[in-house]
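Undergrad: Here's a structure for you.
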4 protein chains.
Amino acid sequence: MTTAEQGASSEVVHLDGHVVDSLLLAKVLDTIVDAGATYEILELQMGTTTTDPSHVRIRVSAADEAGLDALLAEVQVHGVNREDASDAEFVGAPANGVLPDGFYSTTNLATWARVDGRWIESGRPEMDCALVVVPAASSGPSTVEMVPMHRVRAGDRVVTGWRGVRVEVPSRADDAEGFGFMTSEVSSEKPKAVSLARVATSLREARQRRNAGTGGGRVLAVCGPAVVHTGAAPALARLVREGWVQLLFAGNGFATHDIESNVLGTSLGVSLGEGVLAEHGHANHLRVINEVRRFGSIAAAVEAGWLRAGVLYECVRAGVPFVLGGSVRDDGPLPDVISDTVAAADAMRAQLDGVDVAVMLATTLHAIATGNLLPAGVETYCVDINQAVVTKLADRGSHQALGIVTDVGLFVGDLSDRLCGVESEPGR
Amino acid sequence: MTTAEQGASSEVVHLDGHVVDSLLLAKVLDTIVDAGATYEILELQMGTTTTDPSHVRIRVSAADEAGLDALLAEVQVHGVNREDASDAEFVGAPANGVLPDGFYSTTNLATWARVDGRWIESGRPEMDCALVVVPAASSGPSTVEMVPMHRVRAGDRVVTGWRGVRVEVPSRADDAEGFGFMTSEVSSEKPKAVSLARVATSLREARQRRNAGTGGGRVLAVCGPAVVHTGAAPALARLVREGWVQLLFAGNGFATHDIESNVLGTSLGVSLGEGVLAEHGHANHLRVINEVRRFGSIAAAVEAGWLRAGVLYECVRAGVPFVLGGSVRDDGPLPDVISDTVAAADAMRAQLDGVDVAVMLATTLHAIATGNLLPAGVETYCVDINQAVVTKLADRGSHQALGIVTDVGLFVGDLSDRLCGVESEPGR
Amino acid sequence: MTTAEQGASSEVVHLDGHVVDSLLLAKVLDTIVDAGATYEILELQMGTTTTDPSHVRIRVSAADEAGLDALLAEVQVHGVNREDASDAEFVGAPANGVLPDGFYSTTNLATWARVDGRWIESGRPEMDCALVVVPAASSGPSTVEMVPMHRVRAGDRVVTGWRGVRVEVPSRADDAEGFGFMTSEVSSEKPKAVSLARVATSLREARQRRNAGTGGGRVLAVCGPAVVHTGAAPALARLVREGWVQLLFAGNGFATHDIESNVLGTSLGVSLGEGVLAEHGHANHLRVINEVRRFGSIAAAVEAGWLRAGVLYECVRAGVPFVLGGSVRDDGPLPDVISDTVAAADAMRAQLDGVDVAVMLATTLHAIATGNLLPAGVETYCVDINQAVVTKLADRGSHQALGIVTDVGLFVGDLSDRLCGVESEPGR
Amino acid sequence: MTTAEQGASSEVVHLDGHVVDSLLLAKVLDTIVDAGATYEILELQMGTTTTDPSHVRIRVSAADEAGLDALLAEVQVHGVNREDASDAEFVGAPANGVLPDGFYSTTNLATWARVDGRWIESGRPEMDCALVVVPAASSGPSTVEMVPMHRVRAGDRVVTGWRGVRVEVPSRADDAEGFGFMTSEVSSEKPKAVSLARVATSLREARQRRNAGTGGGRVLAVCGPAVVHTGAAPALARLVREGWVQLLFAGNGFATHDIESNVLGTSLGVSLGEGVLAEHGHANHLRVINEVRRFGSIAAAVEAGWLRAGVLYECVRAGVPFVLGGSVRDDGPLPDVISDTVAAADAMRAQLDGVDVAVMLATTLHAIATGNLLPAGVETYCVDINQAVVTKLADRGSHQALGIVTDVGLFVGDLSDRLCGVESEPGR
């Protein structure tokens with residue numbers, strides 16, 4: 001750890017909101033110290049009560065300008081802004097898909113760029129994008145967009161450096177129901193009824209927002225194949241059918257297993273001995289994919305009456321859009337799978353408006369992919385039996401993520417019982 | 001568990017080789033019983049000593065023809081063949097990328113199809129493909145290929161049903177050095193020096209096979225980002241430099257982190273406080289990707305002198321091919337990444353000739369993707385700190401996979417010390 | 001791996017029962033090969049159908065006598081016996097708690113020792129004990145007991161060597177309901193409804209055996225603290241109250257948390273904010289222990305009306321015995337805890353008669369301790385969210401153990417719903 | 001979350017030191033909010049630079065007195081003290097091993113009790129004890145001791161309530177070398193060379209403190225059986241031999257496996273095929289225990305020349321004390337094992353003076369047991385391959401614990417190479 005007192009670069013930054021009890025200030029100071037830089041607290045107006053926001057001004061000093069810039073970029077994910085009132089600087093992108101030197105890299109926080117002396121809020125926040133200033137069409141004002149690197153076109157006005165950009169962490173006022181920031185550690189040893197109740201409450205509140213018609217309240221489910229393997233798919237299908245899910249992201253594996261478990265025994269004539277064979281039935285897996293390829297799409301397979309139940313069936317019936325992103329381990333794949341991963345991520349982006357609750361179920365790949373695309377304010381639940389996965393997801397800069405270490409096979413069933421009522425199961 | 005004695009379908013199958021001590025026979029019988037079917041051992045010529053092969057004939061009975069077919073497809077991955085001497089039946093594929101009803105789904109075992117009364121061995125085995133008979137060009141014989149579903153063209157002669165196909169498990173004679181079949185359970189509580197010695201021996205033997213010039217002995221490394229995060233990359237770079245790796249598969253994350261950890265501090269001027277910042281340095285991550293996009297490729301970045309060390313640098317210098325497969329969570333991606341996952345898998349297939357040792361390092365996605373492409377005879381090591389991942393990889397039908405639950409950060413370093421000698425580290 | 005053909009020691013052994021499809025024969029041969037020894041199959045009468053037993057005779061050869069003895073001791077846990085019809089040899093124990101050289105070390109299988117030409121079955125089998133011949137009282141026959149090392153007294157007739165001892169694996173006929181041997185790999189990706197149904201069926205069948213009055217059918221629950229932390233305790237209490245549990249083993253942690261969660265809010269006046277505080281509330285933990293110490297025992301605390309609900313309360317009320325074994329990490333401990341671990345294990349042994357189903361819930365320490373004491377024939381379920389724990393438990397030589405990787409918080413609740421009916425929960 | 005403004009109990013507390021960047025203040029506020037209580041920051045004198053301490057005064061309000069007391073007990077582990085200048089109140093213990101109502105429950109922080117107007121520092125801090133005032137012998141001052149519940153005698157003057165007690169968190173000045181507080185999340189994806197270097201530095205600094213002769217610098221190793229299974233024991237033995245370890249805690253399993261792996265092949269004549277057999281060799285395990293029981297102790301077995309290598313051998317030779325605590329799963333046990341767990345913990349306590357570094361190696365049970373006994377200021381490393389275990393250990397209130405998720409088999413070997421030099425291994 002090197003101190004950086006003499007000849008060093010320094011900068012005054014500030015941080016506002018519930019930054020003390022939400023651990024944000026502590027994380028910021030910790031990051032500064034870990035990077036070998038130093039800080040001086042210039043001002044701290046502390047919210048005196050539980051509900052008041054705080055205001056902090058800090059001078060950060062690092063060994064050199066590049067180190068300071070990297071460090072301040074790092075802490076901006078926690079809502080730290082420079083004190084600065086100049087306009088944002090921008091440079092034209094040198095080529096399609098290539099950003100200019102020193103481009104500003106976005107966080108998933110609400111972001112403003114200052115253009116011609118006015119602060120303009122960007123479109124939907126997304127991590128790791130460029131900030132592009134789009135000039136006014138005619139007499140109107142300029143707009144600011146977050147654009148992923150591959151979609152930048154030569155000449156786009158890309159914000160560079162730090163000037164004229166500020167971010168804001170979601171306010172605690174949004175959190176009246178106690179969703180809170182993710183401060184407790186992730187552990188399997190938590191009361192599961194509490195976690196269940198919390199997710200159920202989120203989904204009920206989202207329904208209220210949808211009913212209010214203000215554009216929010218869409219619930220996104222992100223699903224891995226273990227949803228099917230552990231037996232959670234029928235309960236999830238019911239949640240879709242009864243209107244608790246508005247958007248679904250998954251991959252070829254989930255979709256194929258979901259379809260396979262619903263068409264086997266009917267069209268393909270195989271009697272499952274308690275599902276034991278199905279797990280390894282690679283041939284069946286391929287046959288199902290081949291059939292859907294023959295139909296041309298999952299929707300066509302539903303329309304033809306070949307696929308008559310399951311999560312994707314309910315999505316098709318209920319008009320719930322789904323995006324299936326390709327992966328290099330896919331068999332087939334199903335015709336609905338977008339095998340180009342860059343195009344798949346774009347297709348996911350195109351569906352995110354209005355999503356303010358996301359439930360990740362037993363998937364690492366698609367959960368991280370989705371987490372990268374979501375604004376910080378989206379209430380996110382990561383449900384997985386593997387604590388390391390949940391920690392990883394919860395740590396990726398999301399401000400409102402809750403990790404739940406549990407068995408998705410039982411969790412989704414209990415969630416469905418809670419939201420849709422216990423179904424009578426005569427034979428069980 | 002239903003018995004299926006009356007009116008049921010039955011079939012006589014046989015199984016040859018080291019099927020008793022390698023657990024194969026037991027797995028086959030277990031699968032039959034689990035599926036609710038029954039068996040009768042008609043003949044068992046047991047190898048009387050440790051080195052003799054056995055021969056078993058079994059009558060398998062299931063409730064109906066479809067169930068029997070599914071079950072026999074299932075057990076064929078263990079080397080079970082029907083007794084049958086007819087020619088293979090084939091049907092033209094109905095459309096590009098669509099297989100005919102009842103297509104034969106391949107295992108990763110050496111496979112023969114009987115065409116015009118002659119048994120023809122297929123090209124490189126791969127799981128979950130179609131078996132396509134390619135008619136003789138002129139006077140020559142027909143050939144048989146394993147073709148993934150998406151590459152089948154309309155009219156291709158696709159083998160259907162079971163007739164005229166047989167498979168063979170790798171023989172134990174190949175296993176003189178005790179690599180053995182994967183029989184021991186996966187656990188973190190194993191002597192790690194033994195695992196290290198075993199991998200080192202495999203790599204040394206592969207080197208001997210390469211030197212013998214008989215076409216084999218290529219070593220494939222499959223790498224996840226944790227190779228870089230845990231500090232294993234310099235040791236892996238050394239293994240590449242000194243000729244212990246002939247092929248590398250990875251994704252955008254591994255490649256970016258590898259490059260980032262080697263160019264930071266030089267071109268980007270950031271002093272790393274023991275790498276702590278780098279882990280979360282999203283901005284740096286993006287800057288590195290952007291620079292390589294500007295160069296146009298990793299090789300171009302090496303040629304320009306911008307990238308001067310690391311695993312991919314050594315690959316470029318040593319002419320070791322690498323395939324970077326895309327994933328839906330990628331930033332950028334790097335220009336070398338094949339973002340279309342179907343094309344990426346094809347690019348991986350194109351490099352596999354001569355590969356007979358594969359070492360998977362801290363990656364689930366790419367390890368499973370690669371495992372799906374490899375013939376059963378490839379010695380495969382799955383190294384990961386997460387036991388669930390290792391079990392999953394080791395269970396996917398590979399006959400020669402060894403799971404090693406350990407810390408890749410220390411394992412690769414120790415492996416490099418063992419193969420390349422301990423490097424003096426003055427400062428440590 | 002050394003061959004051991006010349007000048008080596010060899011021995012003929014045999015193995016009977018469902019040894020092929022249950023993987024037993026394969027495991028035996030695998031162990032022989034792994035130990036560097038060799039085998040020759042002398043005879044194999046294979047059960048020709050699913051239900052017939054097999055008979056195998058094998059000559060095993062090792063480099064020396066000591067190695068052979070060690071190897072044969074190793075494989076006897078799979079039911080391998082030497083061909084031998086001599087009487088057992090025994091030697092007086094040299095001192096209290098010390099066994100003679102070459103003592104026979106027991107498995108958890110049904111075991112017979114030959115005394116005066118007659119095969120005498122030992123008392124309840126237990127792993128890792130000595131086999132002690134107890135001379136006939138007067139005219140009656142001798143008996144044979146399994147005695148743990150610390151309970152052997154000087155002069156006890158301890159069986160040494162291999163002669164005159166044979167074991168028997170539980171027969172598959174006992175397994176009509178498909179409990180089966182533990183052949184499938186442990187994984188979190190299993191249909192959870194199937195696991196739930198299986199445990200429920202075991203408990204229902206145990207109830208039938210209890211009602212039949214033949215001495216069996218007692219169900220043992222072994223509990224870790226996470227049963228309370230995850231919220232499973234009320235459901236477990238209900239299972240105890242409604243007669244599904246006949247014996248409970250746990251430690252100080254489980255007992256304290258169970259009591260604490262039931263007396264807080266009443267006697268100690270603390271309002272729990274959804275249990276969040278309780279988790280770390282060390283002071284409350286200590287206060288609860290101190291109160292019970294004041295009462296003198298848990299039963300006294302129940303009698304005094306201080307403890308009015310919970311798992312242990314229900315045990316006291318229903319007369320279900322419980323054994324609380326001490327651990328070096330205990331606070332207090334509670335007065336019921338047997339802090340001497342040797343005495344605790346003896347107290348557990350004293351309760352095991354009639355136990356034929358054991359359910360281990362989220363505990364490593366007590367589950368392994370209990371597993372060491374149980375005969376092979378006890379149906380054992382290991383429920384834990386950590387796959388490594390489940391694998392470890394399932395691997396300890398139990399012939400009838402099923403590992404279930406799931407969240408005990410949800411699993412026990414669902415099990416209770418299934419066995420006792422869904423309770424109406426007005427407020428949830 | 002209930003607010004507690006009217007008619008509620010409230011109290012002013014303060015917190016001093018590096019409480020902002022070390023997350024302590026944030027954790028305190030978070031705990032208050034989670035408990036449904038509220039706070040008001042009355043005063044915050046923030047250390048303006050990285051090295052200055054801060055001073056915070058907070059009014060905490062809860063719904064009732066009992067809730068407030070529980071909450072303040074909870075947050076005292078973070079160094080929060082009430083503002084209060086009265087003497088401590090004490091009450092005589094009502095019986096041996098029973099504390100009076102309202103007893104003060106200790107933290108692991110340095111603690112003072114005010115007696116007759118003077119603040120007296122207690123003896124070695126330990127969590128979850130009683131604070132007992134021991135009256136002056138004659139003219140001297142009173143002393144204050146932390147006494148575990150079971151060792152309190154009737155009439156002992158036990159501090160009750162909150163008055164006259166204060167605690168202090170370890171100062172950051174002790175942390176010049178950057179050991180730091182445990183702020184980074186636990187993950188397997190960390191650079192392992194950094195972790196290794198950090199532990200090596202701690203051990204070197206401890207050696208300097210020992211050499212300085214000021215009473216500190218003793219290093220405690222706490223070991224689980226996996227240290228032997230993974231092959232780390234020879235490296236650990238070397239560390240003991242070369243003076244890097246001054247105290248060792250373990251259980252029967254570690255000790256037996258350590259001895260077994262060193263006497264097999266010599267006295268018992270078994271040739272190990274790379275240790276594969278040994279892992280399951282229950283009989284050997286028992287034979288080793290029996291032999292040591294015959295000798296009477298491990299030291300006697302060393303003296304007799306029967307035990308000639310290994311960790312415990314080196315401990316005996318170097319005069320390094322070891323405590324083996326019993327567990328309910330023990331076979332035997334070895335005569336050195338203290339089977340009474342309460343006595344075992346007392347034996348551990350008796351050895352802790354001067355210990356300021358603790359390294360926990362692959363053990364959950366003994367690591368938690370030890371962690372409960374250690375003062376907050378002890379630098380503690382928890383090394384385990386299971387992230388959940390490491391998180392659990394690191395979370396138990398220790399202020400200076402660092403979790404390292406890695407393979408102990410490789411880690412200890414590399415640590416030994418680093419501290420003792422690389423040993424030439426001709427044959428490897």
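Identifiers for the structure tokens are assigned positionally: chains receive A, B, ... in sequence, residues are indexed from 1 per chain, and ligands are indexed from 1 in the order shown.
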Within 6 Å of chain D, which residues of chain B are there when counting only C-alpha atoms? Please give them as number ranges by chain.
TA: B: 189-192, 226, 229-231, 406-407, 409
Undergrad: Extract, using only C-alpha atoms, all DNA, RNA and protein residues at most 7 Å from His55 (chain C), discarding same-chain residues fewer than 5 positions from it, and format them as a list of chain:residue names.
TA: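 Surrounding residues, per the criterion: C:Leu15, C:Asp16, C:Gly17, C:Leu44, C:Gln45, C:Met46.
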Undergrad: Need to verify the contact set: Met146 (chain A), 12 Å, only C-alpha atoms, exclusion of same-chain residues closer than 5 positions in sequence. Can you return it as a PyMOL selection string?
TA: chain A and resi 104-113+121-134+151-152+156-159+349+373+375
Undergrad: Mind checking DSSP for region 341-410 of chain C and telling me the helix (DSSP H, G or I) residues as a short mmCIF file (atom, residue, chain, number, x, y, z; two decimals) with C-alpha atoms, in the first residue's frame?
TA:
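See out.cif below for the written result:
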```cif
data_model
loop_
_atom_site.label_atom_id
_atom_site.label_comp_id
_atom_site.auth_asym_id
_atom_site.auth_seq_id
_atom_site.Cartn_x
_atom_site.Cartn_y
_atom_site.Cartn_z
CA THR C 341 -18.38 -37.32 23.91
CA VAL C 342 -17.61 -40.95 24.63
CA ALA C 343 -20.51 -41.07 27.05
CA ALA C 344 -22.69 -39.25 24.54
CA ALA C 345 -22.01 -41.86 21.87
CA ASP C 346 -22.81 -44.59 24.38
CA ALA C 347 -26.08 -42.85 25.20
CA MET C 348 -26.90 -42.75 21.49
CA ARG C 349 -26.10 -46.46 21.15
CA LEU C 365 -21.06 -33.62 12.92
CA HIS C 366 -24.04 -35.44 14.38
CA ALA C 367 -24.93 -37.09 11.10
CA ILE C 368 -21.49 -38.66 10.78
CA ALA C 369 -21.50 -39.60 14.45
CA THR C 370 -24.87 -41.28 14.01
CA GLY C 371 -23.99 -42.88 10.69
CA ASN C 372 -21.04 -44.55 12.41
CA LEU C 373 -23.39 -46.22 14.87
CA GLN C 387 -23.47 -31.15 -1.81
CA ALA C 388 -20.05 -31.89 -0.34
CA VAL C 389 -21.62 -32.71 3.02
CA VAL C 390 -24.22 -34.99 1.48
CA THR C 391 -21.62 -36.83 -0.57
CA LYS C 392 -19.46 -37.29 2.50
CA LEU C 393 -22.31 -38.73 4.52
CA ALA C 394 -23.58 -40.95 1.74
CA VAL C 408 -33.96 -28.08 4.87
CA GLY C 409 -36.04 -24.98 5.64
CA LEU C 410 -38.43 -25.75 2.81
#
```
Undergrad: Determine, counting only C-alpha atoms, which protein, DNA and RNA residues have an atom within 12 Å of an atom of Gln246 (chain B); residues of the same chain fewer than 4 positions away are not included. Present the result as a PDB file with N, CA and C atoms, in the first residue's frame.
TA:
```pdb
ATOM      1  N   LEU B 203       0.602 -35.027 -19.389  1.00  0.00           N
ATOM      2  CA  LEU B 203       1.164 -34.035 -20.310  1.00  0.00           C
ATOM      3  C   LEU B 203       2.515 -34.507 -20.851  1.00  0.00           C
ATOM      4  N   ALA B 206       1.769 -37.113 -23.462  1.00  0.00           N
ATOM      5  CA  ALA B 206       1.275 -36.474 -24.682  1.00  0.00           C
ATOM      6  C   ALA B 206       2.454 -35.922 -25.482  1.00  0.00           C
ATOM      7  N   ARG B 207       3.407 -35.331 -24.760  1.00  0.00           N
ATOM      8  CA  ARG B 207       4.604 -34.818 -25.453  1.00  0.00           C
ATOM      9  C   ARG B 207       5.319 -35.949 -26.187  1.00  0.00           C
ATOM     10  N   ARG B 210       3.432 -36.699 -29.292  1.00  0.00           N
ATOM     11  CA  ARG B 210       3.685 -35.666 -30.316  1.00  0.00           C
ATOM     12  C   ARG B 210       5.029 -35.909 -30.982  1.00  0.00           C
ATOM     13  N   GLY B 216      -1.101 -37.806 -32.713  1.00  0.00           N
ATOM     14  CA  GLY B 216      -1.811 -37.521 -31.461  1.00  0.00           C
ATOM     15  C   GLY B 216      -0.977 -36.649 -30.554  1.00  0.00           C
ATOM     16  N   GLY B 217      -1.389 -36.610 -29.319  1.00  0.00           N
ATOM     17  CA  GLY B 217      -0.593 -35.915 -28.319  1.00  0.00           C
ATOM     18  C   GLY B 217      -0.831 -34.438 -28.210  1.00  0.00           C
ATOM     19  N   ARG B 218      -1.879 -33.929 -28.841  1.00  0.00           N
ATOM     20  CA  ARG B 218      -2.164 -32.502 -28.686  1.00  0.00           C
ATOM     21  C   ARG B 218      -2.923 -32.282 -27.371  1.00  0.00           C
ATOM     22  N   VAL B 219      -2.520 -31.258 -26.648  1.00  0.00           N
ATOM     23  CA  VAL B 219      -3.125 -30.958 -25.357  1.00  0.00           C
ATOM     24  C   VAL B 219      -3.978 -29.697 -25.482  1.00  0.00           C
ATOM     25  N   LEU B 220      -5.222 -29.836 -25.031  1.00  0.00           N
ATOM     26  CA  LEU B 220      -6.170 -28.726 -25.078  1.00  0.00           C
ATOM     27  C   LEU B 220      -6.360 -28.164 -23.677  1.00  0.00           C
ATOM     28  N   ALA B 221      -6.197 -26.851 -23.526  1.00  0.00           N
ATOM     29  CA  ALA B 221      -6.533 -26.185 -22.269  1.00  0.00           C
ATOM     30  C   ALA B 221      -7.815 -25.391 -22.469  1.00  0.00           C
ATOM     31  N   VAL B 222      -8.763 -25.551 -21.554  1.00  0.00           N
ATOM     32  CA  VAL B 222     -10.023 -24.815 -21.599  1.00  0.00           C
ATOM     33  C   VAL B 222     -10.061 -23.951 -20.340  1.00  0.00           C
ATOM     34  N   LEU B 239       3.477 -22.459 -19.426  1.00  0.00           N
ATOM     35  CA  LEU B 239       3.217 -23.783 -20.005  1.00  0.00           C
ATOM     36  C   LEU B 239       3.012 -23.682 -21.513  1.00  0.00           C
ATOM     37  N   VAL B 240       2.327 -22.627 -21.953  1.00  0.00           N
ATOM     38  CA  VAL B 240       2.156 -22.429 -23.394  1.00  0.00           C
ATOM     39  C   VAL B 240       3.512 -22.168 -24.039  1.00  0.00           C
ATOM     40  N   ARG B 241       4.283 -21.280 -23.415  1.00  0.00           N
ATOM     41  CA  ARG B 241       5.570 -20.891 -23.998  1.00  0.00           C
ATOM     42  C   ARG B 241       6.506 -22.073 -24.134  1.00  0.00           C
ATOM     43  N   GLU B 242       6.451 -22.965 -23.144  1.00  0.00           N
ATOM     44  CA  GLU B 242       7.375 -24.095 -23.161  1.00  0.00           C
ATOM     45  C   GLU B 242       6.798 -25.331 -23.853  1.00  0.00           C
ATOM     46  N   GLU B 314       1.390 -15.523 -25.550  1.00  0.00           N
ATOM     47  CA  GLU B 314       2.219 -16.701 -25.792  1.00  0.00           C
ATOM     48  C   GLU B 314       1.608 -17.602 -26.860  1.00  0.00           C
ATOM     49  N   CYS B 315       0.272 -17.683 -26.879  1.00  0.00           N
ATOM     50  CA  CYS B 315      -0.385 -18.468 -27.930  1.00  0.00           C
ATOM     51  C   CYS B 315      -0.049 -17.892 -29.305  1.00  0.00           C
ATOM     52  N   VAL B 316      -0.168 -16.567 -29.418  1.00  0.00           N
ATOM     53  CA  VAL B 316       0.121 -15.930 -30.703  1.00  0.00           C
ATOM     54  C   VAL B 316       1.576 -16.186 -31.088  1.00  0.00           C
ATOM     55  N   ALA B 318       3.612 -18.541 -30.113  1.00  0.00           N
ATOM     56  CA  ALA B 318       3.973 -19.944 -30.343  1.00  0.00           C
ATOM     57  C   ALA B 318       3.130 -20.584 -31.434  1.00  0.00           C
ATOM     58  N   GLY B 319       2.218 -19.821 -32.012  1.00  0.00           N
ATOM     59  CA  GLY B 319       1.355 -20.416 -33.037  1.00  0.00           C
ATOM     60  C   GLY B 319       0.357 -21.412 -32.484  1.00  0.00           C
ATOM     61  N   VAL B 320       0.020 -21.280 -31.208  1.00  0.00           N
ATOM     62  CA  VAL B 320      -0.992 -22.160 -30.622  1.00  0.00           C
ATOM     63  C   VAL B 320      -2.366 -21.581 -30.956  1.00  0.00           C
ATOM     64  N   PRO B 321      -3.193 -22.332 -31.689  1.00  0.00           N
ATOM     65  CA  PRO B 321      -4.503 -21.780 -32.038  1.00  0.00           C
ATOM     66  C   PRO B 321      -5.391 -21.637 -30.814  1.00  0.00           C
ATOM     67  N   PHE B 322      -6.238 -20.624 -30.833  1.00  0.00           N
ATOM     68  CA  PHE B 322      -7.225 -20.481 -29.759  1.00  0.00           C
ATOM     69  C   PHE B 322      -8.576 -20.146 -30.366  1.00  0.00           C
ATOM     70  N   VAL B 323      -9.612 -20.626 -29.695  1.00  0.00           N
ATOM     71  CA  VAL B 323     -10.981 -20.312 -30.107  1.00  0.00           C
ATOM     72  C   VAL B 323     -11.667 -19.655 -28.926  1.00  0.00           C
ATOM     73  N   GLN B 351     -10.734 -27.790 -34.717  1.00  0.00           N
ATOM     74  CA  GLN B 351      -9.385 -27.826 -34.157  1.00  0.00           C
ATOM     75  C   GLN B 351      -9.091 -29.111 -33.397  1.00  0.00           C
ATOM     76  N   LEU B 352     -10.047 -30.033 -33.319  1.00  0.00           N
ATOM     77  CA  LEU B 352      -9.905 -31.117 -32.345  1.00  0.00           C
ATOM     78  C   LEU B 352      -9.063 -32.304 -32.805  1.00  0.00           C
ATOM     79  N   ASP B 353      -8.725 -32.374 -34.087  1.00  0.00           N
ATOM     80  CA  ASP B 353      -7.963 -33.549 -34.527  1.00  0.00           C
ATOM     81  C   ASP B 353      -6.641 -33.650 -33.777  1.00  0.00           C
ATOM     82  N   GLY B 354      -6.363 -34.825 -33.285  1.00  0.00           N
ATOM     83  CA  GLY B 354      -5.098 -35.043 -32.593  1.00  0.00           C
ATOM     84  C   GLY B 354      -5.125 -34.704 -31.117  1.00  0.00           C
ATOM     85  N   VAL B 355      -6.206 -34.091 -30.652  1.00  0.00           N
ATOM     86  CA  VAL B 355      -6.300 -33.782 -29.216  1.00  0.00           C
ATOM     87  C   VAL B 355      -6.610 -35.065 -28.462  1.00  0.00           C
ATOM     88  N   ASP B 356      -5.755 -35.467 -27.532  1.00  0.00           N
ATOM     89  CA  ASP B 356      -6.078 -36.624 -26.700  1.00  0.00           C
ATOM     90  C   ASP B 356      -5.922 -36.360 -25.205  1.00  0.00           C
ATOM     91  N   VAL B 357      -5.599 -35.137 -24.856  1.00  0.00           N
ATOM     92  CA  VAL B 357      -5.636 -34.735 -23.446  1.00  0.00           C
ATOM     93  C   VAL B 357      -6.319 -33.363 -23.377  1.00  0.00           C
ATOM     94  N   ALA B 358      -7.260 -33.216 -22.433  1.00  0.00           N
ATOM     95  CA  ALA B 358      -7.925 -31.929 -22.251  1.00  0.00           C
ATOM     96  C   ALA B 358      -7.898 -31.572 -20.774  1.00  0.00           C
ATOM     97  N   VAL B 359      -7.514 -30.334 -20.483  1.00  0.00           N
ATOM     98  CA  VAL B 359      -7.476 -29.862 -19.095  1.00  0.00           C
ATOM     99  C   VAL B 359      -8.424 -28.673 -18.987  1.00  0.00           C
TER     100      VAL B 359
END
```
Undergrad: Report as a PyMOL selection string all protein, DNA and RNA residues lying within 9 Å of Ala299 (chain D), evaluated on only C-alpha atoms, omitting residues in the same chain fewer than 2 positions from it.
TA: chain D and resi 295-297+301-304+307+312-313+316-317
Undergrad: Would you save the residues from that selection as a JSON list (two decimals), in the first residue's frame, using C-alpha atoms?
TA:
```json
[["chain", "number", "residue", "atom", "x", "y", "z"],
["D", 295, "PHE", "CA", 1.57, -46.77, 24.76],
["D", 296, "GLY", "CA", -0.60, -44.52, 26.89],
["D", 297, "SER", "CA", 0.03, -41.27, 25.00],
["D", 301, "ALA", "CA", 4.72, -43.51, 21.36],
["D", 302, "VAL", "CA", 7.35, -41.01, 20.20],
["D", 303, "GLU", "CA", 9.66, -41.86, 23.07],
["D", 304, "ALA", "CA", 9.34, -45.56, 22.31],
["D", 307, "LEU", "CA", 6.09, -42.76, 15.95],
["D", 312, "LEU", "CA", 2.33, -34.51, 16.20],
["D", 313, "TYR", "CA", 5.77, -36.13, 16.27],
["D", 316, "VAL", "CA", 6.37, -33.62, 20.77],
["D", 317, "ARG", "CA", 9.97, -33.16, 19.67]]
```
Undergrad: Just list as a PyMOL selection string whatever in region 100-162 of chain B DSSP marks as strand (DSSP E or B).
TA: chain B and resi 103+110-115+118-121+130-134+143-147+157-160
